Every structure is written in C-alpha cells, then in structure tokens.
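Novice: Quick one, protein34.pdb (PDB, C-alpha atoms):
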```
ATOM      1  CA  MET A   1      62.286  87.396 126.383  1.00  0.00           C
ATOM      2  CA  LYS A   2      59.739  87.575 123.608  1.00  0.00           C
ATOM      3  CA  ILE A   3      56.096  87.108 124.540  1.00  0.00           C
ATOM      4  CA  ILE A   4      53.345  86.884 121.934  1.00  0.00           C
ATOM      5  CA  ILE A   5      50.233  88.861 122.806  1.00  0.00           C
ATOM      6  CA  ALA A   6      47.379  86.739 121.463  1.00  0.00           C
ATOM      7  CA  THR A   7      45.140  89.481 120.110  1.00  0.00           C
ATOM      8  CA  ASN A   8      44.462  91.472 116.959  1.00  0.00           C
ATOM      9  CA  ASN A   9      43.242  94.440 119.031  1.00  0.00           C
ATOM     10  CA  GLU A  10      45.882  97.155 118.533  1.00  0.00           C
ATOM     11  CA  GLY A  11      44.720  99.002 121.662  1.00  0.00           C
ATOM     12  CA  LYS A  12      45.364  95.936 123.819  1.00  0.00           C
ATOM     13  CA  VAL A  13      48.742  95.298 122.160  1.00  0.00           C
ATOM     14  CA  ARG A  14      49.820  98.888 122.924  1.00  0.00           C
ATOM     15  CA  GLU A  15      48.788  98.513 126.573  1.00  0.00           C
ATOM     16  CA  PHE A  16      50.655  95.208 126.981  1.00  0.00           C
ATOM     17  CA  LYS A  17      53.817  96.569 125.301  1.00  0.00           C
ATOM     18  CA  THR A  18      53.789  99.608 127.597  1.00  0.00           C
ATOM     19  CA  LEU A  19      53.182  97.534 130.723  1.00  0.00           C
ATOM     20  CA  LEU A  20      55.769  94.814 129.923  1.00  0.00           C
ATOM     21  CA  ALA A  21      58.614  96.923 128.467  1.00  0.00           C
ATOM     22  CA  PRO A  22      59.981  98.181 131.832  1.00  0.00           C
ATOM     23  CA  TYR A  23      60.622  94.559 132.834  1.00  0.00           C
ATOM     24  CA  GLY A  24      62.614  93.709 129.726  1.00  0.00           C
ATOM     25  CA  TYR A  25      59.933  91.742 127.916  1.00  0.00           C
ATOM     26  CA  GLU A  26      59.489  92.151 124.187  1.00  0.00           C
ATOM     27  CA  ALA A  27      55.754  92.006 123.570  1.00  0.00           C
ATOM     28  CA  VAL A  28      54.861  91.186 119.964  1.00  0.00           C
ATOM     29  CA  SER A  29      51.443  90.986 118.357  1.00  0.00           C
ATOM     30  CA  LEU A  30      49.991  88.239 116.201  1.00  0.00           C
ATOM     31  CA  LYS A  31      50.384  90.640 113.277  1.00  0.00           C
ATOM     32  CA  ASP A  32      54.091  91.146 114.117  1.00  0.00           C
ATOM     33  CA  GLU A  33      54.521  87.366 113.982  1.00  0.00           C
ATOM     34  CA  GLY A  34      52.538  86.979 110.755  1.00  0.00           C
ATOM     35  CA  ILE A  35      49.906  84.861 112.500  1.00  0.00           C
ATOM     36  CA  LYS A  36      46.449  84.995 110.969  1.00  0.00           C
ATOM     37  CA  ILE A  37      44.036  82.830 112.885  1.00  0.00           C
ATOM     38  CA  GLU A  38      40.411  82.996 113.968  1.00  0.00           C
ATOM     39  CA  ILE A  39      39.975  81.526 117.422  1.00  0.00           C
ATOM     40  CA  GLU A  40      36.465  80.708 118.538  1.00  0.00           C
ATOM     41  CA  GLU A  41      35.952  82.105 122.025  1.00  0.00           C
ATOM     42  CA  ASP A  42      33.208  79.820 123.274  1.00  0.00           C
ATOM     43  CA  GLY A  43      34.078  79.828 126.966  1.00  0.00           C
ATOM     44  CA  GLU A  44      31.528  80.864 129.574  1.00  0.00           C
ATOM     45  CA  THR A  45      33.965  83.004 131.569  1.00  0.00           C
ATOM     46  CA  PHE A  46      36.703  85.527 130.803  1.00  0.00           C
ATOM     47  CA  GLU A  47      39.218  83.037 132.227  1.00  0.00           C
ATOM     48  CA  GLU A  48      38.078  80.233 129.899  1.00  0.00           C
ATOM     49  CA  ASN A  49      38.240  82.464 126.829  1.00  0.00           C
ATOM     50  CA  ALA A  50      41.713  83.740 127.743  1.00  0.00           C
ATOM     51  CA  HIS A  51      42.892  80.122 128.128  1.00  0.00           C
ATOM     52  CA  ILE A  52      41.396  79.100 124.774  1.00  0.00           C
ATOM     53  CA  LYS A  53      43.273  81.916 122.990  1.00  0.00           C
ATOM     54  CA  ALA A  54      46.574  81.382 124.811  1.00  0.00           C
ATOM     55  CA  LYS A  55      46.552  77.620 124.181  1.00  0.00           C
ATOM     56  CA  ALA A  56      45.756  78.003 120.479  1.00  0.00           C
ATOM     57  CA  ILE A  57      48.684  80.383 119.926  1.00  0.00           C
ATOM     58  CA  TYR A  58      51.084  78.450 122.169  1.00  0.00           C
ATOM     59  CA  ASP A  59      50.304  75.183 120.348  1.00  0.00           C
ATOM     60  CA  LEU A  60      51.027  76.976 117.071  1.00  0.00           C
ATOM     61  CA  THR A  61      54.274  78.708 118.091  1.00  0.00           C
ATOM     62  CA  HIS A  62      55.681  77.044 121.251  1.00  0.00           C
ATOM     63  CA  THR A  63      56.638  80.586 122.305  1.00  0.00           C
ATOM     64  CA  PRO A  64      55.573  82.190 125.598  1.00  0.00           C
ATOM     65  CA  VAL A  65      52.153  83.739 125.092  1.00  0.00           C
ATOM     66  CA  ILE A  66      49.798  86.036 126.943  1.00  0.00           C
ATOM     67  CA  ALA A  67      46.107  86.133 126.081  1.00  0.00           C
ATOM     68  CA  ASP A  68      43.440  88.127 127.756  1.00  0.00           C
ATOM     69  CA  ASP A  69      39.709  88.242 127.668  1.00  0.00           C
ATOM     70  CA  SER A  70      38.074  91.296 129.026  1.00  0.00           C
ATOM     71  CA  GLY A  71      34.790  93.068 129.018  1.00  0.00           C
ATOM     72  CA  LEU A  72      32.217  95.180 130.746  1.00  0.00           C
ATOM     73  CA  GLU A  73      29.799  93.897 133.381  1.00  0.00           C
ATOM     74  CA  VAL A  74      26.834  96.158 134.187  1.00  0.00           C
ATOM     75  CA  GLU A  75      25.033  95.360 137.432  1.00  0.00           C
ATOM     76  CA  PHE A  76      21.628  96.588 136.201  1.00  0.00           C
ATOM     77  CA  LEU A  77      21.943  94.354 133.111  1.00  0.00           C
ATOM     78  CA  ASP A  78      22.664  91.253 135.245  1.00  0.00           C
ATOM     79  CA  GLY A  79      26.326  91.337 134.281  1.00  0.00           C
ATOM     80  CA  ALA A  80      25.811  91.900 130.547  1.00  0.00           C
ATOM     81  CA  PRO A  81      27.505  92.386 128.159  1.00  0.00           C
ATOM     82  CA  GLY A  82      30.075  90.234 130.012  1.00  0.00           C
ATOM     83  CA  VAL A  83      31.940  87.711 127.854  1.00  0.00           C
ATOM     84  CA  TYR A  84      29.901  88.979 124.883  1.00  0.00           C
ATOM     85  CA  SER A  85      31.261  92.535 125.223  1.00  0.00           C
ATOM     86  CA  ALA A  86      32.967  92.539 121.813  1.00  0.00           C
ATOM     87  CA  ARG A  87      29.905  91.084 120.056  1.00  0.00           C
ATOM     88  CA  TYR A  88      27.220  92.836 122.105  1.00  0.00           C
ATOM     89  CA  ALA A  89      25.933  95.042 119.294  1.00  0.00           C
ATOM     90  CA  GLY A  90      26.324  92.311 116.652  1.00  0.00           C
ATOM     91  CA  GLU A  91      29.150  91.129 114.430  1.00  0.00           C
ATOM     92  CA  GLY A  92      31.081  93.956 112.807  1.00  0.00           C
ATOM     93  CA  ALA A  93      29.736  96.588 115.219  1.00  0.00           C
ATOM     94  CA  SER A  94      32.035  99.470 116.113  1.00  0.00           C
ATOM     95  CA  ASP A  95      33.042 100.575 119.609  1.00  0.00           C
ATOM     96  CA  ALA A  96      30.575 103.463 119.194  1.00  0.00           C
ATOM     97  CA  ASP A  97      27.788 100.991 118.312  1.00  0.00           C
ATOM     98  CA  ARG A  98      28.480  98.927 121.430  1.00  0.00           C
ATOM     99  CA  CYS A  99      28.532 102.007 123.660  1.00  0.00           C
ATOM    100  CA  ALA A 100      25.281 103.217 122.112  1.00  0.00           C
ATOM    101  CA  LYS A 101      23.592  99.872 122.773  1.00  0.00           C
ATOM    102  CA  VAL A 102      24.547  99.916 126.468  1.00  0.00           C
ATOM    103  CA  LEU A 103      23.471 103.564 126.805  1.00  0.00           C
ATOM    104  CA  SER A 104      20.088 102.808 125.228  1.00  0.00           C
ATOM    105  CA  GLU A 105      19.540  99.915 127.651  1.00  0.00           C
ATOM    106  CA  MET A 106      20.470 102.165 130.595  1.00  0.00           C
ATOM    107  CA  GLU A 107      18.287 105.094 129.538  1.00  0.00           C
ATOM    108  CA  GLY A 108      16.365 106.487 132.499  1.00  0.00           C
ATOM    109  CA  VAL A 109      18.224 104.313 135.031  1.00  0.00           C
ATOM    110  CA  ALA A 110      19.292 106.330 138.100  1.00  0.00           C
ATOM    111  CA  GLU A 111      22.974 106.581 139.011  1.00  0.00           C
ATOM    112  CA  PRO A 112      22.920 104.253 142.046  1.00  0.00           C
ATOM    113  CA  LEU A 113      21.822 101.469 139.661  1.00  0.00           C
ATOM    114  CA  ARG A 114      24.439 102.269 136.993  1.00  0.00           C
ATOM    115  CA  LYS A 115      27.309 100.422 138.719  1.00  0.00           C
ATOM    116  CA  CYS A 116      29.612  98.481 136.457  1.00  0.00           C
ATOM    117  CA  ARG A 117      33.065  97.034 136.300  1.00  0.00           C
ATOM    118  CA  PHE A 118      35.659  96.167 133.737  1.00  0.00           C
ATOM    119  CA  VAL A 119      37.018  92.630 134.107  1.00  0.00           C
ATOM    120  CA  CYS A 120      40.190  91.248 132.562  1.00  0.00           C
ATOM    121  CA  ALA A 121      41.494  87.695 132.776  1.00  0.00           C
ATOM    122  CA  VAL A 122      45.125  87.348 131.689  1.00  0.00           C
ATOM    123  CA  TYR A 123      46.354  83.857 130.825  1.00  0.00           C
ATOM    124  CA  PHE A 124      50.081  83.204 130.455  1.00  0.00           C
ATOM    125  CA  ILE A 125      51.707  80.067 129.070  1.00  0.00           C
ATOM    126  CA  LEU A 126      55.478  79.962 129.525  1.00  0.00           C
ATOM    127  CA  ASP A 127      56.090  76.374 128.432  1.00  0.00           C
ATOM    128  CA  ASP A 128      54.488  72.936 128.436  1.00  0.00           C
ATOM    129  CA  GLU A 129      54.627  72.825 132.245  1.00  0.00           C
ATOM    130  CA  THR A 130      53.935  76.410 133.349  1.00  0.00           C
ATOM    131  CA  GLU A 131      50.662  78.324 133.058  1.00  0.00           C
ATOM    132  CA  TYR A 132      49.116  81.133 135.104  1.00  0.00           C
ATOM    133  CA  CYS A 133      45.825  82.997 135.097  1.00  0.00           C
ATOM    134  CA  PHE A 134      45.072  86.268 136.904  1.00  0.00           C
ATOM    135  CA  THR A 135      41.947  88.402 136.959  1.00  0.00           C
ATOM    136  CA  GLY A 136      41.796  92.157 137.471  1.00  0.00           C
ATOM    137  CA  THR A 137      38.843  94.529 137.792  1.00  0.00           C
ATOM    138  CA  LEU A 138      38.076  98.235 137.725  1.00  0.00           C
ATOM    139  CA  ASP A 139      34.868  99.555 139.297  1.00  0.00           C
ATOM    140  CA  GLY A 140      32.845 102.493 138.022  1.00  0.00           C
ATOM    141  CA  TYR A 141      29.451 103.422 136.645  1.00  0.00           C
ATOM    142  CA  ILE A 142      27.855 103.928 133.237  1.00  0.00           C
ATOM    143  CA  GLY A 143      27.763 107.577 132.189  1.00  0.00           C
ATOM    144  CA  GLU A 144      24.912 109.311 130.380  1.00  0.00           C
ATOM    145  CA  GLU A 145      26.853 109.822 127.124  1.00  0.00           C
ATOM    146  CA  PRO A 146      30.268 109.056 125.631  1.00  0.00           C
ATOM    147  CA  VAL A 147      33.011 111.370 126.909  1.00  0.00           C
ATOM    148  CA  GLY A 148      36.702 111.541 125.952  1.00  0.00           C
ATOM    149  CA  GLU A 149      38.847 110.670 122.971  1.00  0.00           C
ATOM    150  CA  ASN A 150      41.377 108.214 124.434  1.00  0.00           C
ATOM    151  CA  GLY A 151      41.177 104.483 124.968  1.00  0.00           C
ATOM    152  CA  PHE A 152      38.917 102.070 123.129  1.00  0.00           C
ATOM    153  CA  GLY A 153      35.922  99.818 123.645  1.00  0.00           C
ATOM    154  CA  TYR A 154      33.559 100.995 126.367  1.00  0.00           C
ATOM    155  CA  ASP A 155      36.046 103.516 127.823  1.00  0.00           C
ATOM    156  CA  PRO A 156      33.987 106.618 126.808  1.00  0.00           C
ATOM    157  CA  ILE A 157      30.918 105.529 128.822  1.00  0.00           C
ATOM    158  CA  PHE A 158      32.786 104.008 131.787  1.00  0.00           C
ATOM    159  CA  MET A 159      32.888 106.670 134.493  1.00  0.00           C
ATOM    160  CA  LEU A 160      35.284 106.667 137.428  1.00  0.00           C
ATOM    161  CA  PRO A 161      34.464 107.884 140.946  1.00  0.00           C
ATOM    162  CA  ASP A 162      36.220 111.200 140.182  1.00  0.00           C
ATOM    163  CA  GLY A 163      33.681 111.917 137.414  1.00  0.00           C
ATOM    164  CA  ARG A 164      36.015 111.322 134.467  1.00  0.00           C
ATOM    165  CA  SER A 165      35.526 108.617 131.884  1.00  0.00           C
ATOM    166  CA  VAL A 166      38.308 106.116 131.217  1.00  0.00           C
ATOM    167  CA  ALA A 167      38.535 107.694 127.737  1.00  0.00           C
ATOM    168  CA  GLU A 168      39.568 110.981 129.399  1.00  0.00           C
ATOM    169  CA  LEU A 169      42.621 109.412 131.051  1.00  0.00           C
ATOM    170  CA  SER A 170      46.080 109.594 129.559  1.00  0.00           C
ATOM    171  CA  GLU A 171      47.604 106.258 128.606  1.00  0.00           C
ATOM    172  CA  LYS A 172      49.903 106.553 131.637  1.00  0.00           C
ATOM    173  CA  GLU A 173      46.960 107.165 134.008  1.00  0.00           C
ATOM    174  CA  LYS A 174      44.944 104.302 132.519  1.00  0.00           C
ATOM    175  CA  ASN A 175      47.869 101.896 132.786  1.00  0.00           C
ATOM    176  CA  LYS A 176      48.076 102.552 136.536  1.00  0.00           C
ATOM    177  CA  ILE A 177      44.454 101.653 137.330  1.00  0.00           C
ATOM    178  CA  SER A 178      42.987  99.582 134.497  1.00  0.00           C
ATOM    179  CA  HIS A 179      41.591  96.077 134.890  1.00  0.00           C
ATOM    180  CA  ARG A 180      44.240  94.875 132.419  1.00  0.00           C
ATOM    181  CA  ALA A 181      47.062  96.540 134.378  1.00  0.00           C
ATOM    182  CA  ASN A 182      45.653  95.042 137.590  1.00  0.00           C
ATOM    183  CA  ALA A 183      45.724  91.503 136.132  1.00  0.00           C
ATOM    184  CA  LEU A 184      49.055  91.979 134.371  1.00  0.00           C
ATOM    185  CA  ASN A 185      50.750  93.372 137.497  1.00  0.00           C
ATOM    186  CA  GLN A 186      49.803  90.148 139.297  1.00  0.00           C
ATOM    187  CA  LEU A 187      51.425  88.196 136.449  1.00  0.00           C
ATOM    188  CA  ILE A 188      54.537  90.413 136.497  1.00  0.00           C
ATOM    189  CA  GLU A 189      55.070  89.580 140.181  1.00  0.00           C
ATOM    190  CA  VAL A 190      55.192  85.900 139.171  1.00  0.00           C
ATOM    191  CA  LEU A 191      57.418  86.560 136.140  1.00  0.00           C
ATOM    192  CA  LYS A 192      59.963  88.312 138.370  1.00  0.00           C
ATOM    193  CA  ASN A 193      60.370  85.078 140.313  1.00  0.00           C
ATOM    194  CA  ILE A 194      60.389  82.494 137.531  1.00  0.00           C
ATOM    195  CA  ILE A 195      62.530  84.113 134.871  1.00  0.00           C
TER     196      ILE A 195
END
```
Please lay out the structure from this file as structure tokens.
Specialist:
Amino acid sequence: MKIIIATNNEGKVREFKTLLAPYGYEAVSLKDEGIKIEIEEDGETFEENAHIKAKAIYDLTHTPVIADDSGLEVEFLDGAPGVYSARYAGEGASDADRCAKVLSEMEGVAEPLRKCRFVCAVYFILDDETEYCFTGTLDGYIGEEPVGENGFGYDPIFMLPDGRSVAELSEKEKNKISHRANALNQLIEVLKNII
C-alpha cells in the first residue's frame, strides 16, 4: 500500500521509508507525488500540527497519508523551542543556526538543568473514517557543542545517556530509539491489525 509522507524534509522521508519498508508499505514523499503546497502549521501542539498537515494532503489526494510534527523541548527553556523548533532561529535558518541559538541560550547552564526531549506526533489518515495519532519521545540532555555528522535538525546537540549525540548514531541505531520510531512503531501495531 502506498502512503504519502506529508513532508518536504528529506531526512524525515528517509526515516519513514526505512521504518515502513519491512511491513510492505511504499512510503512516497510530496516531491515524489509532484505535490507543491505550503501548509500553515498554526496548531499549539505537535499533535494539532501533524493533523493539519495530514488533513491537507489527504483532502488533496484521497490517498493514505502520514504527517508528523516533531521538535525539541528543553526543560530549562520552559519547553522551548517546542512547536517552533523549525522556526526557532528565524525563517530560512539552517540546522546549524538553530543548534547555535539553543547552545547560546544554554551557555553556563549546569548539566542537571540541561534535560531535554525530542517529541514526535505521527498522524495517520487511512480513509474518510479512519484516523490515528501517536506520540513518541526520546529523553536526553543538551550538549556543550555540536557533535557528529549524521542525522539532521538538533541531533548534533542532543546527547544520550551514554554520552553520544544522536548525530553520532548510525541510521539503524537511530531508527531503533528515536522519537519518530517510537511514535511510528505504535502506528505500525495498528496497521498490522487494520490492513
């Protein structure tokens, strides 16, 4: 079954394709489908934003669609950047710019106060009657500087309990523990039963 992944983020598309392929799902991107659309994510939660994206693409295509909204929540910053993770350093900012902004705001903050988590809400629309939403998280802490070459987004400054950043994990390692994998695995359990 073909499922449209409602994102233009190539990193996310790769992760979804890898996670869905073993179950026989053909994950395709908006680009693969020739869909060019700007969707305003004006929800107040990751779940609301994921729903907004999924509904917009489903209404356009009437094809099963998965959308996600994900981001970084830093305890010391009262949960920021949160739903503004992609826009945290301003429109057009790079991943490096966003990481640098968080690091500058955390400068001088001791490790016990550097707790953070990645959050991912995955919203799936199968048809006019069937919709699901699942949320996954990954806990860690903000490092002192970017480390690692893999991944995307805030991965280089997101440190795991073992002292490695998410950007130091292989794709296979990341796909076992990531917030996105956590949410998607919950969805896959449902997909096994309904399709």
Novice: I want to know what sits within 9 Å of segment 53-57 of chain A, based on only C-alpha atoms, with residues of the same chain fewer than 2 positions away left out; could you give that as a list of chain:residue names?
Specialist: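 The filter keeps A:Ile4, A:Ile5, A:Ala6, A:Thr7, A:Leu30, A:Ile35, A:Ile37, A:Ile39, A:Glu40, A:Glu41, A:Glu48, A:Asn49, A:Ala50, A:His51, A:Asp59, A:Leu60, A:Thr61, A:His62, A:Thr63, A:Val65, A:Ile66, A:Ala67, A:Asp68, A:Asp69, A:Tyr123, A:Phe124, A:Ile125.
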Novice: Keeping only C-alpha atoms, write the selected residues to a file as a tab-separated table (two decimals), in the frame of the given file.
Specialist:
```
chain	number	residue	atom	x	y	z
A	4	ILE	CA	53.34	86.88	121.93
A	5	ILE	CA	50.23	88.86	122.81
A	6	ALA	CA	47.38	86.74	121.46
A	7	THR	CA	45.14	89.48	120.11
A	30	LEU	CA	49.99	88.24	116.20
A	35	ILE	CA	49.91	84.86	112.50
A	37	ILE	CA	44.04	82.83	112.88
A	39	ILE	CA	39.98	81.53	117.42
A	40	GLU	CA	36.47	80.71	118.54
A	41	GLU	CA	35.95	82.10	122.02
A	48	GLU	CA	38.08	80.23	129.90
A	49	ASN	CA	38.24	82.46	126.83
A	50	ALA	CA	41.71	83.74	127.74
A	51	HIS	CA	42.89	80.12	128.13
A	59	ASP	CA	50.30	75.18	120.35
A	60	LEU	CA	51.03	76.98	117.07
A	61	THR	CA	54.27	78.71	118.09
A	62	HIS	CA	55.68	77.04	121.25
A	63	THR	CA	56.64	80.59	122.30
A	65	VAL	CA	52.15	83.74	125.09
A	66	ILE	CA	49.80	86.04	126.94
A	67	ALA	CA	46.11	86.13	126.08
A	68	ASP	CA	43.44	88.13	127.76
A	69	ASP	CA	39.71	88.24	127.67
A	123	TYR	CA	46.35	83.86	130.82
A	124	PHE	CA	50.08	83.20	130.46
A	125	ILE	CA	51.71	80.07	129.07
```
Novice: So what does the PyMOL selection byres ((chain A and resi 19-25) around 10) actually pick up in this one, as a VMD selection string?
Specialist: chain A and resid 1 to 3 13 to 18 26 to 28 172 175 to 176 180 to 181 184 to 185 188 191 to 192
Novice: Write out as a count of residues only which residues come within 8 Å of Ala86 of chain A when counting only C-alpha atoms, dropping same-chain ones fewer than 2 positions away.
Specialist: 6
Novice: Quick one: apply the PyMOL selection byres ((chain A and resi 169) around 12) to the file and drop the selected residues here as a list in words.
Specialist: Val147, Gly148, Glu149, Asn150, Gly151, Phe152, Asp155, Pro156, Phe158, Met159, Leu160, Asp162, Gly163, Arg164, Ser165, Val166, Ala167, Glu168, Ser170, Glu171, Lys172, Glu173, Lys174, Asn175, Lys176, Ile177 and Ser178 of chain A
Novice: Restricting the calculation to all atoms listed in the file, which member of A:Arg87, A:Asn8, A:Gly143, A:His179 is positioned closest to Glu33 of chain A?
Specialist: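 Closest candidate: A:Asn8.
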Novice: Tell me which residues the PyMOL selection byres ((chain A and resi 76) around 9) grabs here, as a short mmCIF file (atom, residue, chain, number, x, y, z; two decimals) with C-alpha atoms, in the coordinates of the input.
Specialist:
```cif
data_model
loop_
_atom_site.label_atom_id
_atom_site.label_comp_id
_atom_site.auth_asym_id
_atom_site.auth_seq_id
_atom_site.Cartn_x
_atom_site.Cartn_y
_atom_site.Cartn_z
CA VAL A 74 26.83 96.16 134.19
CA GLU A 75 25.03 95.36 137.43
CA LEU A 77 21.94 94.35 133.11
CA ASP A 78 22.66 91.25 135.24
CA GLY A 79 26.33 91.34 134.28
CA ALA A 80 25.81 91.90 130.55
CA MET A 106 20.47 102.16 130.60
CA VAL A 109 18.22 104.31 135.03
CA LEU A 113 21.82 101.47 139.66
CA ARG A 114 24.44 102.27 136.99
CA LYS A 115 27.31 100.42 138.72
CA CYS A 116 29.61 98.48 136.46
#
```
Novice: So how many Å separate atom CA of Cys99 of chain A and atom CA of Ile157 of chain A, to one decimal?
Specialist: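 Result for atom CA of Cys99 of chain A versus atom CA of Ile157 of chain A: 6.7 Å, one decimal.
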Novice: To one decimal place in Å, what is the distance between atom CA of Glu105 of chain A and atom CA of Ser85 of chain A?
Specialist: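 Computing the Euclidean distance for atom CA of Glu105 of chain A and atom CA of Ser85 of chain A yields 14.1 Å.
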Novice: Identify which of the residues A:Phe46, A:Gly136, A:Tyr141, A:Asn182 lies closest to Ala110 of chain A, counting all atoms listed in the file when measuring atom-to-atom distances.
Specialist: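 Checking each candidate against Ala110 of chain A, we get A:Tyr141 as the closest.
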Novice: My list of candidates is A:Cys120, A:Leu187, A:Ile142, A:Leu126. Which is closest to Tyr154 of chain A when distances are computed with all atoms listed in the file?
Specialist: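 The closest residue to Tyr154 of chain A is A:Ile142.
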Novice: Distance atom CA of Gln186 of chain A-atom CA of Ser70 of chain A, one decimal place?
Specialist: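 Between atom CA of Gln186 of chain A and atom CA of Ser70 of chain A the gap works out to 15.6 Å.
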Novice: Could you tell me which of A:Asp32, A:Asp95, A:Glu10, A:Glu47 comes closest to Cys133 of chain A if we count only C-alpha atoms?
Specialist: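 Of all the options, A:Glu47 lies closest to Cys133 of chain A.
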Novice: Report as a PyMOL selection string all protein, DNA and RNA residues lying within 6 Å of Phe134 of chain A, evaluated on all atoms listed in the file, omitting residues in the same chain fewer than 2 positions from it.
Specialist: chain A and resi 121-122+183
